[in-house]
Each structure stands twice: as structure tokens, then as C-alpha cells.
$ cat my_file.cif   # mmCIF, C-alpha atoms
data_data
#
loop_
_atom_site.label_atom_id
_atom_site.label_comp_id
_atom_site.auth_asym_id
_atom_site.auth_seq_id
_atom_site.Cartn_x
_atom_site.Cartn_y
_atom_site.Cartn_z
CA MET A 1030 -48.25 -27.55 -14.18
CA SER A 1031 -49.69 -29.91 -11.65
CA GLY A 1032 -50.68 -28.79 -8.17
CA LYS A 1033 -47.62 -30.45 -6.56
CA VAL A 1034 -45.22 -28.77 -8.97
CA LYS A 1035 -46.81 -25.37 -8.32
CA VAL A 1036 -46.52 -25.85 -4.56
CA LEU A 1037 -42.89 -26.96 -4.88
CA ALA A 1038 -42.08 -24.01 -7.15
CA ALA A 1039 -43.75 -21.56 -4.76
CA GLY A 1040 -41.91 -23.12 -1.83
CA GLY A 1041 -38.61 -22.89 -3.68
CA ILE A 1042 -39.18 -19.24 -4.51
CA ALA A 1043 -40.16 -18.46 -0.91
CA PHE A 1044 -37.00 -20.22 0.30
CA LEU A 1045 -34.79 -18.19 -2.08
CA VAL A 1046 -36.45 -14.95 -0.98
CA LEU A 1047 -35.83 -15.91 2.65
CA ILE A 1048 -32.14 -16.60 1.91
CA VAL A 1049 -31.77 -13.18 0.23
CA ILE A 1050 -33.46 -11.43 3.17
CA VAL A 1051 -31.22 -13.20 5.71
CA PHE A 1052 -28.13 -12.35 3.64
CA VAL A 1053 -29.09 -8.67 3.46
CA LEU A 1054 -29.85 -8.53 7.19
CA LEU A 1055 -26.61 -10.27 8.17
CA HIS A 1056 -24.37 -8.56 5.62
CA THR A 1057 -22.18 -6.13 7.50
CA THR A 1058 -21.06 -3.01 5.68
CA PRO A 1059 -17.80 -1.11 6.26
CA LYS A 1060 -19.86 1.68 7.84
CA ASP A 1061 -21.35 -0.84 10.31
CA ILE A 1062 -17.87 -2.07 11.24
CA ALA A 1063 -16.60 1.51 11.68
CA ASN A 1064 -19.56 2.37 13.92
CA ASP A 1065 -19.18 -0.85 15.95
CA PHE A 1066 -15.42 -0.26 16.31
CA LEU A 1067 -15.93 3.25 17.70
CA GLY A 1068 -18.88 2.17 19.83
CA MET A 1069 -16.83 -0.56 21.52
CA ILE A 1070 -14.10 1.94 22.34
CA GLY A 1071 -16.67 4.34 23.77
CA LYS A 1072 -18.05 1.53 25.97
CA GLY A 1073 -14.58 0.74 27.31
CA GLU A 1074 -14.25 -2.42 25.20
CA VAL A 1075 -10.89 -1.33 23.76
CA GLU A 1076 -9.41 -4.82 23.65
CA GLU A 1077 -12.44 -6.06 21.70
CA ALA A 1078 -12.10 -3.13 19.29
CA TYR A 1079 -8.44 -4.08 18.78
CA GLY A 1080 -9.75 -7.32 17.29
CA PHE A 1081 -11.27 -5.28 14.43
CA ILE A 1082 -7.95 -3.91 13.20
CA ALA A 1083 -6.10 -5.19 10.15
CA PRO A 1084 -2.84 -7.13 10.41
CA ASP A 1085 -0.85 -4.20 8.93
CA LEU A 1086 -2.06 -1.91 11.73
CA ARG A 1087 -1.45 -4.61 14.37
CA ALA A 1088 2.13 -4.88 13.14
CA ARG A 1089 2.58 -1.16 13.89
CA GLN A 1090 0.55 -1.02 17.13
CA ASN A 1091 0.40 -3.59 19.88
CA LEU A 1092 -2.56 -3.44 22.27
CA ASP A 1093 -0.79 -1.05 24.69
CA VAL A 1094 0.01 1.43 21.91
CA PHE A 1095 -3.53 1.10 20.56
CA GLU A 1096 -5.01 1.82 24.01
CA ARG A 1097 -2.84 4.94 24.40
CA ARG A 1098 -3.79 6.13 20.93
CA VAL A 1099 -7.55 5.85 21.48
CA GLU A 1100 -7.12 7.74 24.77
CA GLU A 1101 -5.05 10.49 23.08
CA LEU A 1102 -7.73 10.83 20.38
CA ASN A 1103 -10.40 10.97 23.13
CA LEU A 1104 -12.24 8.06 21.51
CA VAL A 1105 -12.73 6.54 24.97
CA ASN A 1106 -15.44 9.21 25.33
CA PHE A 1107 -17.05 8.38 21.98
CA ALA A 1108 -20.78 9.09 21.81
CA SER A 1109 -21.64 9.17 18.10
CA VAL A 1110 -20.30 9.60 14.59
CA VAL A 1111 -21.63 11.14 11.39
CA TRP A 1112 -20.01 10.01 8.16
CA ASP A 1113 -20.14 12.82 5.58
CA LYS A 1114 -18.26 11.01 2.85
CA ILE A 1115 -17.78 7.35 2.06
CA ASP A 1116 -15.32 6.57 -0.73
CA GLU A 1117 -15.62 2.92 -1.78
CA GLN A 1118 -13.01 1.28 -3.95
CA ASP A 1119 -12.47 -2.39 -4.76
CA LYS A 1120 -11.21 -3.72 -1.41
CA LEU A 1121 -10.84 -0.43 0.46
CA VAL A 1122 -13.30 2.03 1.94
CA LYS A 1123 -12.45 5.47 3.32
CA LEU A 1124 -14.96 7.14 5.64
CA VAL A 1125 -14.71 10.83 6.47
CA GLY A 1126 -16.82 12.44 9.13
CA GLU A 1127 -17.05 13.78 12.62
CA VAL A 1128 -16.95 12.01 15.98
CA GLN A 1129 -18.82 13.51 18.90
CA THR A 1130 -17.70 12.77 22.46
CA LYS A 1131 -19.94 12.32 25.48
CA ALA A 1132 -19.04 15.91 26.48
CA GLY A 1133 -20.21 17.20 23.08
CA GLU A 1134 -16.74 17.82 21.61
CA LYS A 1135 -16.70 17.34 17.84
CA ILE A 1136 -13.60 15.82 16.29
CA PRO A 1137 -12.96 15.59 12.52
CA PHE A 1138 -12.25 11.94 11.82
CA GLU A 1139 -11.23 9.54 9.06
CA MET A 1140 -11.17 5.78 8.93
CA VAL A 1141 -9.90 3.39 6.27
CA LEU A 1142 -11.17 -0.19 6.15
CA ILE A 1143 -9.81 -2.98 4.00
CA LEU A 1144 -11.38 -6.25 2.98
CA GLY A 1145 -9.68 -9.12 4.80
CA SER A 1146 -8.85 -12.46 3.24
CA ASP A 1147 -11.92 -13.98 4.93
CA GLY A 1148 -14.24 -11.36 3.42
CA SER A 1149 -14.65 -9.30 6.59
CA TRP A 1150 -13.92 -5.57 6.82
CA LEU A 1151 -11.00 -4.55 9.04
CA VAL A 1152 -9.86 -1.14 10.28
CA SER A 1153 -6.56 -0.23 8.64
CA GLU A 1154 -6.24 3.45 9.61
CA PHE A 1155 -8.13 5.84 11.87
CA GLY A 1156 -7.68 9.30 13.33
CA PRO A 1157 -7.89 12.96 12.45
CA PRO A 1158 -7.86 13.73 8.71
CA LEU A 1159 -4.47 14.11 7.16
CA PRO A 1160 -3.85 17.46 5.49
CA GLY A 1161 -4.58 17.35 1.79
CA PRO A 1162 -2.10 18.28 -0.89
CA ILE A 1163 -1.02 21.89 -0.81
CA ALA A 1164 -2.05 23.78 -3.92
CA PRO A 1165 0.67 25.82 -5.64
CA PRO A 1166 0.31 29.58 -5.26
CA ALA A 1167 -1.66 31.35 -7.99
CA PRO A 1168 0.45 33.25 -10.52
#
$ encode --input "my_file.cif" --output "C-alpha cells"
Amino acid sequence: MSGKVKVLAAGGIAFLVLIVIVFVLLHTTPKDIANDFLGMIGKGEVEEAYGFIAPDLRARQNLDVFERRVEELNLVNFASVVWDKIDEQDKLVKLVGEVQTKAGEKIPFEMVLILGSDGSWLVSEFGPPLPGPIAPPAP
């Protein structure tokens, strides 16, 4: 290989590595979206957080209903979240964890995110965990 070809090859490789690094840094995970969603609510940016919800949830909750729901769940006092379990499927992710309020109250919490048509993650469900299936009594 000539010197020019080696320089061009090295430059091309460096460019590809840079593209991969930028993609990894800019790639937003469902967990990032969930954390941002809750963080916005905790900062009082409820209307902005409403922009993160999926069309199916918007169809069931207008902004006024959404605002009342986040108040009822005490998410307006959100301080932090710990996700204990993340169940990833094809175009759906379920996060299970615990939200802590600014007053230190700990609230069991679940969130479901779906992959939107544009490739972004959207909040489809959120709130306290639903009770699991009831096991039949032992014989």
C-alpha cells in the first residue's frame, strides 16, 4: 500500500469509529426515556412529559387527566427511581422498580414503553404495579 492509501484507510477507519461513538452517545434507551419522563414531572414540566406518551395513552388521557393522574400518584414530588427489573421484548419494554419522592416516600412503580413508528421510545403505561395472577390454593 502506498502512503496515501494508508492515510486514507486510517482516516476512513477513524471516521467510522467516530460515527459509532456518536451513535452510542446519542442513542437513547427506554430506561433513559423513563428517567427523563419522571424527571420532567418532578421538575414541574408535566406538559413536556405528556409529549413522551404514546398515542394509545393520549387517546385515553388528555393533558388535564394526565396532570391529575401524576398528582394522584405523587409523581410531582419525584426525586429518583431505581429500576429493579427491565423486561425487553421486540418493540416493548417493561420497567419495574421503585420511585422515591422528595419527602423520601418510596412507591412501587411500573412503566411500559413501546417503540414508536419513528424509532423513538414512548410511554404507554405507568403507575403502581398491577397485582399478578392469583395462584390456585394448594391441595
$ closest_residue --input "my_file.cif" --among "A:Leu1104, A:Val1094, A:Ile1082, A:Ala1132" --to "A:Ser1153" --atoms "only C-alpha atoms"
A:Ile1082
$ closest_residue --input "my_file.cif" --among "A:Lys1135, A:Arg1098, A:Lys1072, A:Lys1060" --to "A:Leu1151" --atoms "all atoms listed in the file"
A:Lys1060
$ closest_residue --input "my_file.cif" --among "A:Val1152, A:Ala1088, A:Val1111, A:Val1122" --to "A:Ile1062" --atoms "only C-alpha atoms"
A:Val1152
$ closest_residue --input "my_file.cif" --among "A:Leu1142, A:Met1069, A:Val1075, A:Ala1083" --to "A:Lys1120" --atoms "only C-alpha atoms"
A:Leu1142
$ atom_distance --input "my_file.cif" --atom1 "atom CA of A:Pro1160" --atom2 "atom CA of A:Gln1118"
20.9 Å
$ atom_distance --input "my_file.cif" --atom1 "atom CA of A:Val1110" --atom2 "atom CA of A:Ser1146"
27.3 Å
$ atom_distance --input "my_file.cif" --atom1 "atom CA of A:Thr1130" --atom2 "atom CA of A:Gly1071"
8.6 Å
$ closest_residue --input "my_file.cif" --among "A:Val1105, A:Ile1136, A:Leu1086, A:Leu1121" --to "A:Ser1149" --atoms "all atoms listed in the file"
A:Leu1121
$ residues_around --input "my_file.cif" --residues "A:Glu1076" --least-positions-apart "3" --cutoff "10 Å" --atoms "only C-alpha atoms" --output "ChimeraX atom specification"
/A:1069-1070,1073,1079-1081,1092-1093,1095-1096
$ closest_residue --input "my_file.cif" --among "A:Leu1159, A:Leu1124, A:Leu1102, A:Ala1108" --to "A:Ala1063" --atoms "all atoms listed in the file"
A:Leu1124
$ residues_around --input "my_file.cif" --residues "A:Trp1150" --least-positions-apart "6" --cutoff "6 Å" --atoms "all atoms listed in the file" --output "PDB file with C-alpha atoms, keeping the file's coordinate frame"
ATOM      1  CA  PRO A1059     -17.800  -1.110   6.260  1.00  0.00           C
ATOM      2  CA  ILE A1143      -9.810  -2.980   4.000  1.00  0.00           C
ATOM      3  CA  LEU A1144     -11.380  -6.250   2.980  1.00  0.00           C
TER       4      LEU A1144
END
$ residues_around --input "my_file.cif" --residues "A:Gly1126" --least-positions-apart "4" --cutoff "9 Å" --atoms "all atoms listed in the file" --output "JSON, numbers by chain"
{"A": [1110, 1111, 1112, 1113, 1114, 1115, 1136, 1137, 1138, 1139, 1140]}
